[in-house]
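Student: Data: query38.pdb, PDB, C-alpha atoms.
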ATOM      1  CA  MET A  19    -239.365 148.127 -85.807
ATOM      2  CA  ASP A  20    -238.672 145.703 -88.653
ATOM      3  CA  LEU A  21    -235.226 144.319 -89.479
ATOM      4  CA  GLN A  22    -234.707 146.605 -92.471
ATOM      5  CA  GLN A  23    -235.414 149.704 -90.393
ATOM      6  CA  LEU A  24    -233.024 148.463 -87.699
ATOM      7  CA  PHE A  25    -230.246 148.062 -90.283
ATOM      8  CA  ALA A  26    -230.951 151.546 -91.613
ATOM      9  CA  ASP A  27    -230.744 153.029 -88.103
ATOM     10  CA  LEU A  28    -227.482 151.194 -87.404
ATOM     11  CA  ALA A  29    -225.987 152.441 -90.654
ATOM     12  CA  ASP A  30    -227.004 156.024 -89.913
ATOM     13  CA  VAL A  31    -224.663 156.466 -86.945
ATOM     14  CA  PRO A  32    -222.903 159.862 -87.359
ATOM     15  CA  TRP A  33    -219.687 158.831 -85.622
ATOM     16  CA  LEU A  34    -219.459 155.311 -87.056
ATOM     17  CA  LEU A  35    -216.969 155.969 -89.859
ATOM     18  CA  THR A  36    -214.819 158.214 -87.684
ATOM     19  CA  ALA A  37    -214.797 155.605 -84.930
ATOM     20  CA  LEU A  38    -213.813 152.825 -87.338
ATOM     21  CA  ASP A  39    -211.064 154.997 -88.791
ATOM     22  CA  LEU A  40    -209.690 155.990 -85.378
ATOM     23  CA  VAL A  41    -209.628 152.423 -84.074
ATOM     24  CA  GLY A  42    -207.968 151.297 -87.307
ATOM     25  CA  VAL A  43    -205.405 154.102 -86.994
ATOM     26  CA  PHE A  44    -204.700 152.997 -83.424
ATOM     27  CA  PHE A  45    -204.076 149.376 -84.365
ATOM     28  CA  PHE A  46    -201.885 150.227 -87.339
ATOM     29  CA  ALA A  47    -200.003 152.777 -85.226
ATOM     30  CA  VAL A  48    -199.263 150.108 -82.610
ATOM     31  CA  SER A  49    -197.817 147.849 -85.297
ATOM     32  CA  GLY A  50    -195.648 150.740 -86.490
ATOM     33  CA  ALA A  51    -194.423 151.683 -83.013
ATOM     34  CA  LEU A  52    -193.594 148.052 -82.187
ATOM     35  CA  LEU A  53    -191.690 147.661 -85.434
ATOM     36  CA  ALA A  54    -189.783 150.841 -84.559
ATOM     37  CA  ALA A  55    -188.931 149.309 -81.175
ATOM     38  CA  ARG A  56    -187.641 146.168 -82.897
ATOM     39  CA  LYS A  57    -185.507 148.390 -85.131
ATOM     40  CA  ASP A  58    -184.188 150.325 -82.091
ATOM     41  CA  PHE A  59    -185.596 153.637 -83.365
ATOM     42  CA  ASP A  60    -185.686 156.569 -80.965
ATOM     43  CA  LEU A  61    -188.904 158.330 -79.889
ATOM     44  CA  VAL A  62    -189.003 160.547 -82.974
ATOM     45  CA  GLY A  63    -188.490 157.554 -85.261
ATOM     46  CA  SER A  64    -191.175 155.633 -83.400
ATOM     47  CA  MET A  65    -193.695 158.466 -83.801
ATOM     48  CA  ALA A  66    -192.843 158.827 -87.480
ATOM     49  CA  LEU A  67    -193.321 155.111 -88.152
ATOM     50  CA  ALA A  68    -196.553 155.049 -86.132
ATOM     51  CA  LEU A  69    -197.855 158.032 -88.129
ATOM     52  CA  PHE A  70    -196.929 156.416 -91.450
ATOM     53  CA  ALA A  71    -198.577 153.145 -90.441
ATOM     54  CA  GLY A  72    -201.668 154.691 -88.892
ATOM     55  CA  LEU A  73    -202.417 157.411 -91.423
ATOM     56  CA  GLY A  74    -200.979 155.963 -94.641
ATOM     57  CA  GLY A  75    -204.042 153.893 -95.492
ATOM     58  CA  GLY A  76    -206.484 156.759 -94.947
ATOM     59  CA  PHE A  77    -204.298 159.106 -96.994
ATOM     60  CA  THR A  78    -204.232 156.622 -99.857
ATOM     61  CA  ARG A  79    -207.982 156.021 -99.750
ATOM     62  CA  ASP A  80    -208.978 159.696 -99.566
ATOM     63  CA  ILE A  81    -206.587 160.721-102.338
ATOM     64  CA  VAL A  82    -207.801 157.948-104.662
ATOM     65  CA  LEU A  83    -211.423 158.910-103.986
ATOM     66  CA  ASP A  84    -210.613 162.612-104.474
ATOM     67  CA  ARG A  85    -212.305 163.521-101.202
ATOM     68  CA  GLY A  86    -210.311 166.714-100.889
ATOM     69  CA  LEU A  87    -208.239 167.162 -97.747
ATOM     70  CA  PRO A  88    -207.624 163.720 -96.165
ATOM     71  CA  ALA A  89    -209.675 163.132 -93.031
ATOM     72  CA  SER A  90    -206.546 162.755 -90.913
ATOM     73  CA  LEU A  91    -205.512 166.330 -91.806
ATOM     74  CA  GLU A  92    -208.990 167.790 -91.642
ATOM     75  CA  ASN A  93    -209.531 166.450 -88.137
ATOM     76  CA  PRO A  94    -206.440 166.660 -85.844
ATOM     77  CA  ILE A  95    -207.863 163.948 -83.570
ATOM     78  CA  TYR A  96    -206.444 161.412 -86.046
ATOM     79  CA  LEU A  97    -202.951 162.405 -84.888
ATOM     80  CA  ALA A  98    -203.695 161.411 -81.293
ATOM     81  CA  PRO A  99    -203.518 157.589 -81.591
ATOM     82  CA  PRO A 100    -200.051 157.443 -83.222
ATOM     83  CA  VAL A 101    -198.575 159.916 -80.745
ATOM     84  CA  LEU A 102    -200.159 158.161 -77.763
ATOM     85  CA  VAL A 103    -199.069 154.730 -78.950
ATOM     86  CA  SER A 104    -195.477 155.876 -79.493
ATOM     87  CA  LEU A 105    -195.307 157.245 -75.947
ATOM     88  CA  LEU A 106    -196.790 154.050 -74.488
ATOM     89  CA  VAL A 107    -194.224 151.904 -76.293
ATOM     90  CA  TYR A 108    -191.403 154.292 -75.412
ATOM     91  CA  VAL A 109    -192.143 154.231 -71.650
ATOM     92  CA  GLY A 110    -192.635 150.462 -71.698
ATOM     93  CA  ALA A 111    -196.392 150.428 -71.099
ATOM     94  CA  ILE A 112    -196.719 148.182 -74.143
ATOM     95  CA  ARG A 113    -194.094 145.448 -73.779
ATOM     96  CA  PRO A 114    -194.998 142.384 -75.834
ATOM     97  CA  ASN A 115    -193.188 139.132 -75.234
ATOM     98  CA  ARG A 116    -193.583 137.852 -78.801
ATOM     99  CA  LEU A 117    -192.925 140.925 -80.892
ATOM    100  CA  ASN A 118    -193.550 139.522 -84.369
ATOM    101  CA  LEU A 119    -196.848 137.942 -83.335
ATOM    102  CA  THR A 120    -198.006 141.128 -81.588
ATOM    103  CA  ILE A 121    -197.150 143.286 -84.597
ATOM    104  CA  THR A 122    -199.117 140.910 -86.807
ATOM    105  CA  LEU A 123    -202.111 140.963 -84.434
ATOM    106  CA  PHE A 124    -202.399 144.750 -84.466
ATOM    107  CA  ASP A 125    -201.661 144.897 -88.178
ATOM    108  CA  ALA A 126    -204.445 142.384 -88.896
ATOM    109  CA  ALA A 127    -206.897 144.360 -86.755
ATOM    110  CA  GLY A 128    -206.050 147.589 -88.590
ATOM    111  CA  LEU A 129    -206.330 145.802 -91.927
ATOM    112  CA  ALA A 130    -209.812 144.533 -91.064
ATOM    113  CA  LEU A 131    -211.168 147.867 -89.825
ATOM    114  CA  PHE A 132    -209.755 149.915 -92.681
ATOM    115  CA  THR A 133    -211.221 147.465 -95.195
ATOM    116  CA  VAL A 134    -214.727 147.876 -93.791
ATOM    117  CA  SER A 135    -214.516 151.666 -93.379
ATOM    118  CA  GLY A 136    -213.103 151.945 -96.904
ATOM    119  CA  VAL A 137    -216.100 150.074 -98.331
ATOM    120  CA  MET A 138    -218.513 152.269 -96.370
ATOM    121  CA  ILE A 139    -216.910 155.489 -97.612
ATOM    122  CA  ALA A 140    -216.454 154.381-101.229
ATOM    123  CA  HIS A 141    -219.954 152.869-101.429
ATOM    124  CA  ALA A 142    -221.508 156.077-100.066
ATOM    125  CA  MET A 143    -219.835 158.009-102.914
ATOM    126  CA  GLY A 144    -221.715 155.897-105.441
ATOM    127  CA  ILE A 145    -218.774 154.532-107.417
ATOM    128  CA  HIS A 146    -218.818 151.203-109.244
ATOM    129  CA  PRO A 147    -218.896 148.147-106.939
ATOM    130  CA  VAL A 148    -215.637 146.787-108.388
ATOM    131  CA  SER A 149    -213.981 150.143-107.751
ATOM    132  CA  VAL A 150    -215.299 150.063-104.176
ATOM    133  CA  VAL A 151    -213.532 146.747-103.568
ATOM    134  CA  VAL A 152    -210.287 147.985-105.137
ATOM    135  CA  VAL A 153    -210.269 151.280-103.227
ATOM    136  CA  ALA A 154    -211.072 149.603 -99.908
ATOM    137  CA  THR A 155    -208.330 147.014-100.422
ATOM    138  CA  VAL A 156    -205.714 149.584-101.439
ATOM    139  CA  GLY A 157    -206.637 151.797 -98.502
ATOM    140  CA  ALA A 158    -206.397 148.877 -96.083
ATOM    141  CA  LEU A 159    -202.959 147.912 -97.383
ATOM    142  CA  GLY A 160    -201.542 151.421 -97.667
ATOM    143  CA  GLY A 161    -200.508 151.935 -94.046
ATOM    144  CA  GLY A 162    -198.763 148.588 -93.712
ATOM    145  CA  VAL A 163    -196.893 148.972 -96.996
ATOM    146  CA  LEU A 164    -195.705 152.481 -96.118
ATOM    147  CA  ARG A 165    -194.652 151.313 -92.640
ATOM    148  CA  ASP A 166    -192.578 148.430 -93.983
ATOM    149  CA  ILE A 167    -190.940 150.475 -96.739
ATOM    150  CA  VAL A 168    -189.899 153.249 -94.351
ATOM    151  CA  ALA A 169    -188.561 150.665 -91.878
ATOM    152  CA  ASN A 170    -186.621 148.938 -94.688
ATOM    153  CA  GLU A 171    -188.686 145.762 -94.364
ATOM    154  CA  VAL A 172    -190.104 143.627 -97.155
ATOM    155  CA  PRO A 173    -193.801 144.678 -97.273
ATOM    156  CA  SER A 174    -196.136 142.041 -95.893
ATOM    157  CA  ILE A 175    -198.061 141.921 -99.176
ATOM    158  CA  PHE A 176    -194.984 140.315-100.781
ATOM    159  CA  ASP A 177    -194.464 137.697 -98.081
ATOM    160  CA  PRO A 178    -195.753 134.398 -99.535
ATOM    161  CA  ARG A 179    -196.239 132.912 -96.071
ATOM    162  CA  GLY A 180    -199.532 133.866 -94.431
ATOM    163  CA  VAL A 181    -201.790 135.415 -97.080
ATOM    164  CA  TYR A 182    -202.163 139.156 -96.519
ATOM    165  CA  VAL A 183    -203.939 140.745 -99.466
ATOM    166  CA  MET A 184    -206.627 138.097 -99.989
ATOM    167  CA  PRO A 185    -208.399 138.544 -96.603
ATOM    168  CA  ALA A 186    -208.762 142.275 -97.288
ATOM    169  CA  PHE A 187    -209.878 141.742-100.888
ATOM    170  CA  VAL A 188    -212.405 139.046-100.043
ATOM    171  CA  GLY A 189    -213.624 141.012 -97.016
ATOM    172  CA  ALA A 190    -214.093 144.123 -99.144
ATOM    173  CA  ALA A 191    -216.068 142.099-101.705
ATOM    174  CA  VAL A 192    -218.308 140.650 -98.992
ATOM    175  CA  ALA A 193    -218.817 144.095 -97.430
ATOM    176  CA  GLU A 194    -219.779 145.576-100.815
ATOM    177  CA  LEU A 195    -222.277 142.775-101.454
ATOM    178  CA  VAL A 196    -223.824 143.459 -98.056
ATOM    179  CA  ALA A 197    -223.822 147.201 -98.773
ATOM    180  CA  GLN A 198    -225.603 146.615-102.098
ATOM    181  CA  ARG A 199    -228.452 145.108-100.081
ATOM    182  CA  GLY A 200    -228.517 148.047 -97.674
ATOM    183  CA  ALA A 201    -227.354 145.930 -94.734
ATOM    184  CA  LEU A 202    -223.833 147.286 -94.120
ATOM    185  CA  ASN A 203    -223.892 148.860 -90.680
ATOM    186  CA  ALA A 204    -222.114 148.818 -87.346
ATOM    187  CA  PHE A 205    -223.131 145.242 -86.580
ATOM    188  CA  THR A 206    -222.516 143.617 -89.963
ATOM    189  CA  GLY A 207    -219.363 145.702 -90.417
ATOM    190  CA  PHE A 208    -217.990 144.342 -87.152
ATOM    191  CA  LEU A 209    -218.734 140.770 -88.240
ATOM    192  CA  ILE A 210    -216.974 141.288 -91.583
ATOM    193  CA  ALA A 211    -213.978 142.891 -89.858
ATOM    194  CA  LEU A 212    -213.846 139.937 -87.467
ATOM    195  CA  LEU A 213    -213.892 137.575 -90.456
ATOM    196  CA  ILE A 214    -210.977 139.410 -92.118
ATOM    197  CA  PHE A 215    -208.989 139.421 -88.877
ATOM    198  CA  THR A 216    -209.621 135.720 -88.266
ATOM    199  CA  VAL A 217    -208.626 134.651 -91.778
ATOM    200  CA  ARG A 218    -205.456 136.738 -91.635
ATOM    201  CA  MET A 219    -204.378 135.326 -88.258
ATOM    202  CA  VAL A 220    -205.203 131.716 -89.195
ATOM    203  CA  ALA A 221    -203.219 132.165 -92.415
ATOM    204  CA  TYR A 222    -200.313 133.574 -90.384
ATOM    205  CA  ARG A 223    -200.493 130.750 -87.837
ATOM    206  CA  TYR A 224    -200.497 127.960 -90.402
ATOM    207  CA  GLN A 225    -198.366 129.786 -92.985
ATOM    208  CA  TRP A 226    -200.867 129.447 -95.787
ATOM    209  CA  ARG A 227    -199.432 130.092 -99.220
ATOM    210  CA  LEU A 228    -200.947 131.100-102.507
ATOM    211  CA  PRO A 229    -199.546 129.310-105.554
ATOM    212  CA  GLY A 230    -196.712 131.110-107.261
ATOM    213  CA  ALA A 231    -194.320 130.706-110.139
ATOM    214  CA  HIS A 232    -191.323 128.458-109.495
ATOM    215  CA  VAL A 233    -188.381 130.282-110.990
ATOM    216  CA  THR A 234    -184.780 129.445-110.228
ATOM    217  CA  GLN A 235    -182.444 132.223-109.246
ATOM    218  CA  ASP A 236    -180.345 134.106-111.722
ATOM    219  CA  LYS A 237    -177.110 132.214-112.414
ATOM    220  CA  ASP A 238    -174.984 135.336-111.932
ATOM    221  CA  GLN A 239    -176.533 135.857-108.500
ATOM    222  CA  LEU A 240    -175.861 132.242-107.529
ATOM    223  CA  ASP A 241    -172.273 132.482-108.766
ATOM    224  CA  ARG A 242    -171.828 135.612-106.649
ATOM    225  CA  LEU A 243    -173.153 133.863-103.542
ATOM    226  CA  ARG A 244    -170.905 130.863-104.161
ATOM    227  CA  ARG A 245    -167.844 133.070-104.683
ATOM    228  CA  LEU A 246    -168.461 135.045-101.498
ATOM    229  CA  ALA A 247    -169.139 131.870 -99.493
ATOM    230  CA  GLU A 248    -165.942 130.252-100.783
ATOM    231  CA  GLN A 249    -163.867 133.332-100.003
ATOM    232  CA  ALA A 250    -165.363 133.653 -96.528
ATOM    233  CA  GLN A 251    -164.812 129.928 -95.899
ATOM    234  CA  ALA A 252    -161.167 130.142 -96.979
ATOM    235  CA  ALA A 253    -160.581 133.152 -94.750
ATOM    236  CA  ALA A 254    -162.276 131.399 -91.805
ATOM    237  CA  ALA A 255    -160.168 128.269 -92.355
ATOM    238  CA  ARG A 256    -156.968 130.346 -92.298
ATOM    239  CA  ARG A 257    -158.017 132.069 -89.090
ATOM    240  CA  ALA A 258    -158.884 128.708 -87.509
ATOM    241  CA  ALA A 259    -155.481 127.306 -88.481
ATOM    242  CA  ARG A 260    -153.679 130.289 -86.977
ATOM    243  CA  ALA A 261    -155.758 129.956 -83.829
ATOM    244  CA  ARG A 262    -154.869 126.279 -83.478
ATOM    245  CA  GLU A 263    -151.196 127.133 -83.836
ATOM    246  CA  ARG A 264    -151.567 129.570 -80.969
ATOM    247  CA  THR A 265    -153.737 127.101 -79.004
ATOM    248  CA  LEU A 266    -156.515 129.634 -79.036
ATOM    249  CA  ARG A 267    -160.171 128.934 -79.550
ATOM    250  CA  PRO A 268    -161.385 130.600 -82.764
ATOM    251  CA  VAL A 269    -164.385 132.879 -82.465
ATOM    252  CA  PHE A 270    -166.735 133.481 -85.389
ATOM    253  CA  GLY A 271    -169.661 135.682 -84.495
ATOM    254  CA  PRO A 272    -172.507 137.418 -86.309
ATOM    255  CA  ALA A 273    -170.648 140.748 -86.179
ATOM    256  CA  GLU A 274    -167.899 139.412 -88.444
ATOM    257  CA  GLU A 275    -168.268 140.527 -92.042
ATOM    258  CA  TYR A 276    -166.446 139.638 -95.215
ATOM    259  CA  GLU A 277    -165.795 142.484 -97.653
ATOM    260  CA  ASP A 278    -168.862 144.259 -96.236
ATOM    261  CA  GLN A 279    -171.005 141.964 -98.368
ATOM    262  CA  VAL A 280    -171.773 138.870 -96.313
ATOM    263  CA  ARG A 281    -171.851 138.216 -92.585
ATOM    264  CA  VAL A 282    -170.386 135.029 -91.144
ATOM    265  CA  GLU A 283    -173.141 133.382 -89.130
ATOM    266  CA  ASP A 284    -171.504 130.055 -88.288
ATOM    267  CA  TYR A 285    -168.319 128.108 -89.042
ATOM    268  CA  ASP A 286    -167.514 124.483 -88.204
ATOM    269  CA  PRO A 287    -163.700 123.970 -87.997
ATOM    270  CA  ASP A 288    -164.146 120.187 -88.194
ATOM    271  CA  THR A 289    -166.129 120.025 -91.439
ATOM    272  CA  GLN A 290    -165.052 123.527 -92.535
ATOM    273  CA  SER A 291    -168.680 124.227 -93.479
ATOM    274  CA  ILE A 292    -169.644 127.873 -93.201
ATOM    275  CA  THR A 293    -172.904 129.818 -93.046
ATOM    276  CA  VAL A 294    -172.963 133.378 -94.329
ATOM    277  CA  VAL A 295    -175.816 135.872 -94.620
ATOM    278  CA  ASP A 296    -176.155 138.208 -97.585
ATOM    279  CA  GLU A 297    -178.161 141.166 -96.268
ATOM    280  CA  ALA A 298    -178.531 142.665 -99.742
ATOM    281  CA  THR A 299    -180.666 139.756-100.929
ATOM    282  CA  ARG A 300    -181.837 138.535 -97.487
ATOM    283  CA  GLN A 301    -180.422 135.059 -98.102
ATOM    284  CA  SER A 302    -178.492 132.679 -95.901
ATOM    285  CA  VAL A 303    -175.931 130.405 -97.550
ATOM    286  CA  ARG A 304    -174.604 127.187 -96.011
ATOM    287  CA  TYR A 305    -171.536 126.130 -97.996
ATOM    288  CA  HIS A 306    -169.998 122.660 -97.741
ATOM    289  CA  PRO A 307    -166.476 122.777 -99.275
ATOM    290  CA  GLU A 308    -166.018 119.002 -99.339
ATOM    291  CA  THR A 309    -169.083 118.369-101.493
ATOM    292  CA  GLY A 310    -169.422 121.772-103.129
ATOM    293  CA  ILE A 311    -173.108 121.838-102.181
ATOM    294  CA  MET A 312    -174.536 125.264-101.378
ATOM    295  CA  ASP A 313    -177.797 125.465 -99.397
ATOM    296  CA  VAL A 314    -179.500 128.806-100.008
ATOM    297  CA  THR A 315    -182.285 129.902 -97.636
ATOM    298  CA  ASP A 316    -184.518 132.871 -98.393
ATOM    299  CA  LEU A 317    -184.833 134.534 -94.980
ATOM    300  CA  ARG A 318    -188.135 136.138 -95.968
ATOM    301  CA  THR A 319    -189.897 132.859 -96.703
ATOM    302  CA  GLY A 320    -187.787 130.192 -94.966
ATOM    303  CA  ARG A 321    -187.560 128.200 -98.199
ATOM    304  CA  THR A 322    -184.248 126.369 -98.674
ATOM    305  CA  ARG A 323    -182.843 125.155-101.977
ATOM    306  CA  SER A 324    -179.670 123.145-102.442
ATOM    307  CA  TYR A 325    -177.404 123.975-105.345
ATOM    308  CA  ASP A 326    -175.063 121.203-106.436
ATOM    309  CA  ASP A 327    -172.432 122.929-108.556
ATOM    310  CA  PRO A 328    -172.298 125.954-110.850
ATOM    311  CA  GLU A 329    -173.198 123.914-113.927
ATOM    312  CA  ASP A 330    -176.210 122.033-112.514
ATOM    313  CA  ASP A 331    -179.730 123.033-111.591
ATOM    314  CA  TRP A 332    -181.322 122.703-108.137
ATOM    315  CA  VAL A 333    -180.962 119.233-106.654
ATOM    316  CA  ALA A 334    -183.354 119.785-103.741
ATOM    317  CA  ASP A 335    -186.137 122.141-102.803
ATOM    318  CA  ARG A 336    -187.445 121.976 -99.293
ATOM    319  CA  THR A 337    -188.997 124.062 -96.560
ATOM    320  CA  THR A 338    -187.321 124.058 -93.185
ATOM    321  CA  GLU A 339    -189.153 122.886 -90.081
ATOM    322  CA  ASP A 340    -188.883 126.371 -88.653
ATOM    323  CA  ASP A 341    -190.767 127.667 -91.701
ATOM    324  CA  ALA A 342    -194.030 127.297 -89.819
ATOM    325  CA  GLY A 343    -192.793 129.440 -86.968
ATOM    326  CA  PRO A 344    -193.872 133.048 -86.313
ATOM    327  CA  ASP A 345    -190.495 134.613 -87.136
ATOM    328  CA  ARG A 346    -190.884 136.239 -90.522
ATOM    329  CA  THR A 347    -187.263 137.144 -90.977
ATOM    330  CA  GLY A 348    -185.783 133.742 -90.191
ATOM    331  CA  ALA A 349    -182.997 135.537 -88.351
ATOM    332  CA  GLY A 350    -180.612 133.382 -86.361
ATOM    333  CA  ARG A 351    -181.304 130.315 -88.499
ATOM    334  CA  GLY A 352    -178.792 128.748 -90.846
ATOM    335  CA  ALA A 353    -179.553 127.313 -94.239
ATOM    336  CA  ASP A 354    -179.891 123.861 -92.743
ATOM    337  CA  GLY A 355    -182.736 125.064 -90.544
ATOM    338  CA  ARG A 356    -180.716 125.530 -87.370
TER
END
Would you encode the structure as structure tokens?
Tutor:
Amino acid sequence: MDLQQLFADLADVPWLLTALDLVGVFFFAVSGALLAARKDFDLVGSMALALFAGLGGGFTRDIVLDRGLPASLENPIYLAPPVLVSLLVYVGAIRPNRLNLTITLFDAAGLALFTVSGVMIAHAMGIHPVSVVVVATVGALGGGVLRDIVANEVPSIFDPRGVYVMPAFVGAAVAELVAQRGALNAFTGFLIALLIFTVRMVAYRYQWRLPGAHVTQDKDQLDRLRRLAEQAQAAAARRAARARERTLRPVFGPAEEYEDQVRVEDYDPDTQSITVVDEATRQSVRYHPETGIMDVTDLRTGRTRSYDDPEDDWVADRTTEDDAGPDRTGAGRGADGR
């Protein structure tokens, strides 16, 4: 048997596409169930998020390709992985120590498998090669985007740290080139999926970034952050003064909120510097009343910028040391990187 015939036999495996889809559904479902656990969802919420994550990409792909009833509805076996995964997480059978890293691992595996299966399905339908790449990429991203939106998270495709879309896009392009030569099969598909997974995880580990536009924040938004930080700092200073009068030790914890808009993360009675978190914009603000400097950290990217006073532009633009860490949210870290 020559090499071309071997490739043809490998590509003509009846269960190949279903197997790739099911394994991809499983991995995406695990990422959804783990995210639900991090959000303290109950069992129903965990199953819902696992279903959205596991089946969202296939739904998107099949609808775009007009394949009729999506495969996950036509074949009930697609519902098994999300339900099973949710139960395993719920009973503690899956108990990761590093939750963010584990979610990213399973998400990257699902991304890789759905990219390859999407190319196989779209290519078999005879559409234009460029359309194959687009459909495969959209289908691979669909589950993760739907999962993050439902869980009220910033979708991974918008996180500048650790490129997310490019591994799927490049992998889909490579898979289509291989398919054009009649060599896309179980073996080459696995190698391409492994390539996508590896690039995604290396990008996550080293926080690779694609170039982007450098645009300063809206002045009204900055003025709002400064006003809230100043008001919270003044209130904290008054409470500290009253506590000293009563010889009590002031307590400022993360549960303390100011006007239901910002949360006090840290307050230093000596310097009177305060750190507040604005959940609406996912930003942490470290305000220094003596100098008037306001350090603003984007909790989604870890990037910190120092704002001198309301009439000046940025005076510093830096990335914190913790920026290279695995924690996407930057929770528990002040604007000065602590």
Student: Determine the nearest neighbour of Met312 of chain A from the options A:Ala247, A:Ala127, A:Ile145, A:Ala186, counting all atoms listed in the file.
Tutor: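 Once distances to Met312 of chain A are computed over all atoms listed in the file, the minimum belongs to A:Ala247.
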Student: Give me the result of the PyMOL selection byres ((chain A and resi 162) around 10) on this file, residue by residue, as a list in words.
Tutor: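 Expected selection for the PyMOL selection byres ((chain A and resi 162) around 10) here is Phe46, Ala47, Ser49, Gly50, Phe70, Ala71, Gly72, Leu73, Gly74, Gly75, Asp125, Ala126, Gly128, Leu129, Gly157, Ala158, Leu159, Gly160, Gly161, Val163, Leu164, Arg165, Asp166, Ile167, Pro173, Ser174 and Ile175 of chain A.
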Student: Using atom CA of Ala89 of chain A and atom CA of Phe77 of chain A as the two end points, give the distance in Å to one decimal.
Tutor: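 Rounded to one decimal, the two atoms are 7.8 Å apart.
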Student: So, with only C-alpha atoms as the atoms that count, which of A:Leu317, A:Ala55, A:Ile112, A:Ala211 lies closest to Ala298 of chain A?
Tutor: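 The answer is A:Leu317, which sits nearest to Ala298 of chain A.
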Student: Record the distance separating atom CA of Leu240 of chain A and atom CA of Ala255 of chain A, expressed in Å with one decimal.
Tutor: 22.2 Å
Student: If we count all atoms listed in the file and set the cut-off at 7 Å, which residues sit around segment 212-223 of chain A, ignoring sequence neighbours fewer than 4 positions away in its own chain? Please answer as a short mmCIF file (atom, residue, chain, number, x, y, z; two decimals) with C-alpha atoms, in the frame of the given file.
Tutor:
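Okay, this is what ended up in around_38.cif:
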data_model
loop_
_atom_site.label_atom_id
_atom_site.label_comp_id
_atom_site.auth_asym_id
_atom_site.auth_seq_id
_atom_site.Cartn_x
_atom_site.Cartn_y
_atom_site.Cartn_z
CA ALA A 126 -204.44 142.38 -88.90
CA ALA A 127 -206.90 144.36 -86.76
CA ALA A 130 -209.81 144.53 -91.06
CA GLY A 180 -199.53 133.87 -94.43
CA VAL A 181 -201.79 135.42 -97.08
CA TYR A 182 -202.16 139.16 -96.52
CA PRO A 185 -208.40 138.54 -96.60
CA ALA A 186 -208.76 142.28 -97.29
CA GLY A 189 -213.62 141.01 -97.02
CA PHE A 208 -217.99 144.34 -87.15
#
Student: Box in all listed atoms of segment 123-127 of chain A, axis-aligned, with 4 Å more on each side; write out centre and edge lengths in Å to one decimal as lines of an AutoDock Vina configuration file.
Tutor:
center_x = -204.3
center_y = 142.9
center_z = -86.7
size_x = 13.2
size_y = 11.9
size_z = 12.5
Student: (-206.3, 163.1, -87.2) in this file's frame - what residues fall within 12 Å of it? Use all atoms listed in the file and give the answer as an MDAnalysis selection string.
Tutor: chainID A and resid 36:37 39:44 69 72:74 76:77 87:101
Student: Output C-alpha atoms for every residue in the selection just made, as a tab-separated table (two decimals), keeping the file's coordinate frame.
Tutor:
chain	number	residue	atom	x	y	z
A	36	THR	CA	-214.82	158.21	-87.68
A	37	ALA	CA	-214.80	155.60	-84.93
A	39	ASP	CA	-211.06	155.00	-88.79
A	40	LEU	CA	-209.69	155.99	-85.38
A	41	VAL	CA	-209.63	152.42	-84.07
A	42	GLY	CA	-207.97	151.30	-87.31
A	43	VAL	CA	-205.40	154.10	-86.99
A	44	PHE	CA	-204.70	153.00	-83.42
A	69	LEU	CA	-197.86	158.03	-88.13
A	72	GLY	CA	-201.67	154.69	-88.89
A	73	LEU	CA	-202.42	157.41	-91.42
A	74	GLY	CA	-200.98	155.96	-94.64
A	76	GLY	CA	-206.48	156.76	-94.95
A	77	PHE	CA	-204.30	159.11	-96.99
A	87	LEU	CA	-208.24	167.16	-97.75
A	88	PRO	CA	-207.62	163.72	-96.16
A	89	ALA	CA	-209.68	163.13	-93.03
A	90	SER	CA	-206.55	162.76	-90.91
A	91	LEU	CA	-205.51	166.33	-91.81
A	92	GLU	CA	-208.99	167.79	-91.64
A	93	ASN	CA	-209.53	166.45	-88.14
A	94	PRO	CA	-206.44	166.66	-85.84
A	95	ILE	CA	-207.86	163.95	-83.57
A	96	TYR	CA	-206.44	161.41	-86.05
A	97	LEU	CA	-202.95	162.40	-84.89
A	98	ALA	CA	-203.70	161.41	-81.29
A	99	PRO	CA	-203.52	157.59	-81.59
A	100	PRO	CA	-200.05	157.44	-83.22
A	101	VAL	CA	-198.58	159.92	-80.74
Student: What is the distance, in Å and to one decimal place, between atom CA of Ala191 of chain A and atom CA of Ile210 of chain A?
Tutor: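 One can read the atom CA of Ala191 of chain A to atom CA of Ile210 of chain A distance as 10.2 Å.
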Student: If we count only C-alpha atoms and set the cut-off at 9 Å, which residues sit around Gly310 of chain A, ignoring sequence neighbours fewer than 3 positions away in its own chain? Please answer as a VMD selection string.
Tutor: chain A and resid 305 to 307 325 to 327
Student: Write out the residues from the selection above, keeping C-alpha atoms, as a JSON list (two decimals), in the coordinates of the input.
Tutor:
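Written output follows (selection19.json):
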[["chain", "number", "residue", "atom", "x", "y", "z"],
["A", 305, "TYR", "CA", -171.54, 126.13, -98.00],
["A", 306, "HIS", "CA", -170.00, 122.66, -97.74],
["A", 307, "PRO", "CA", -166.48, 122.78, -99.28],
["A", 325, "TYR", "CA", -177.40, 123.98, -105.34],
["A", 326, "ASP", "CA", -175.06, 121.20, -106.44],
["A", 327, "ASP", "CA", -172.43, 122.93, -108.56]]
Student: Give the answer as one residue: which of A:Lys237, A:Gln290, A:Ala68, A:Asp58 has the shortest atom-to-atom distance to Ile121 of chain A, using all atoms listed in the file?
Tutor: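 Closest to Ile121 of chain A of all the choices is A:Ala68.
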Student: Looking at all atoms listed in the file, which of A:Leu102, A:Val172, A:Val303, A:Ile139 is the one that sits closest to Asp284 of chain A?
Tutor: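 Looking only at the distances to Asp284 of chain A, the closest residue turns out to be A:Val303.
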Student: Do you know which residues the PyMOL selection byres ((chain A and resi 207) around 12) returns on this file, as a PyMOL selection string?
Tutor: chain A and resi 25+28-29+34-35+38+130-138+189-190+192-197+200-206+208-214
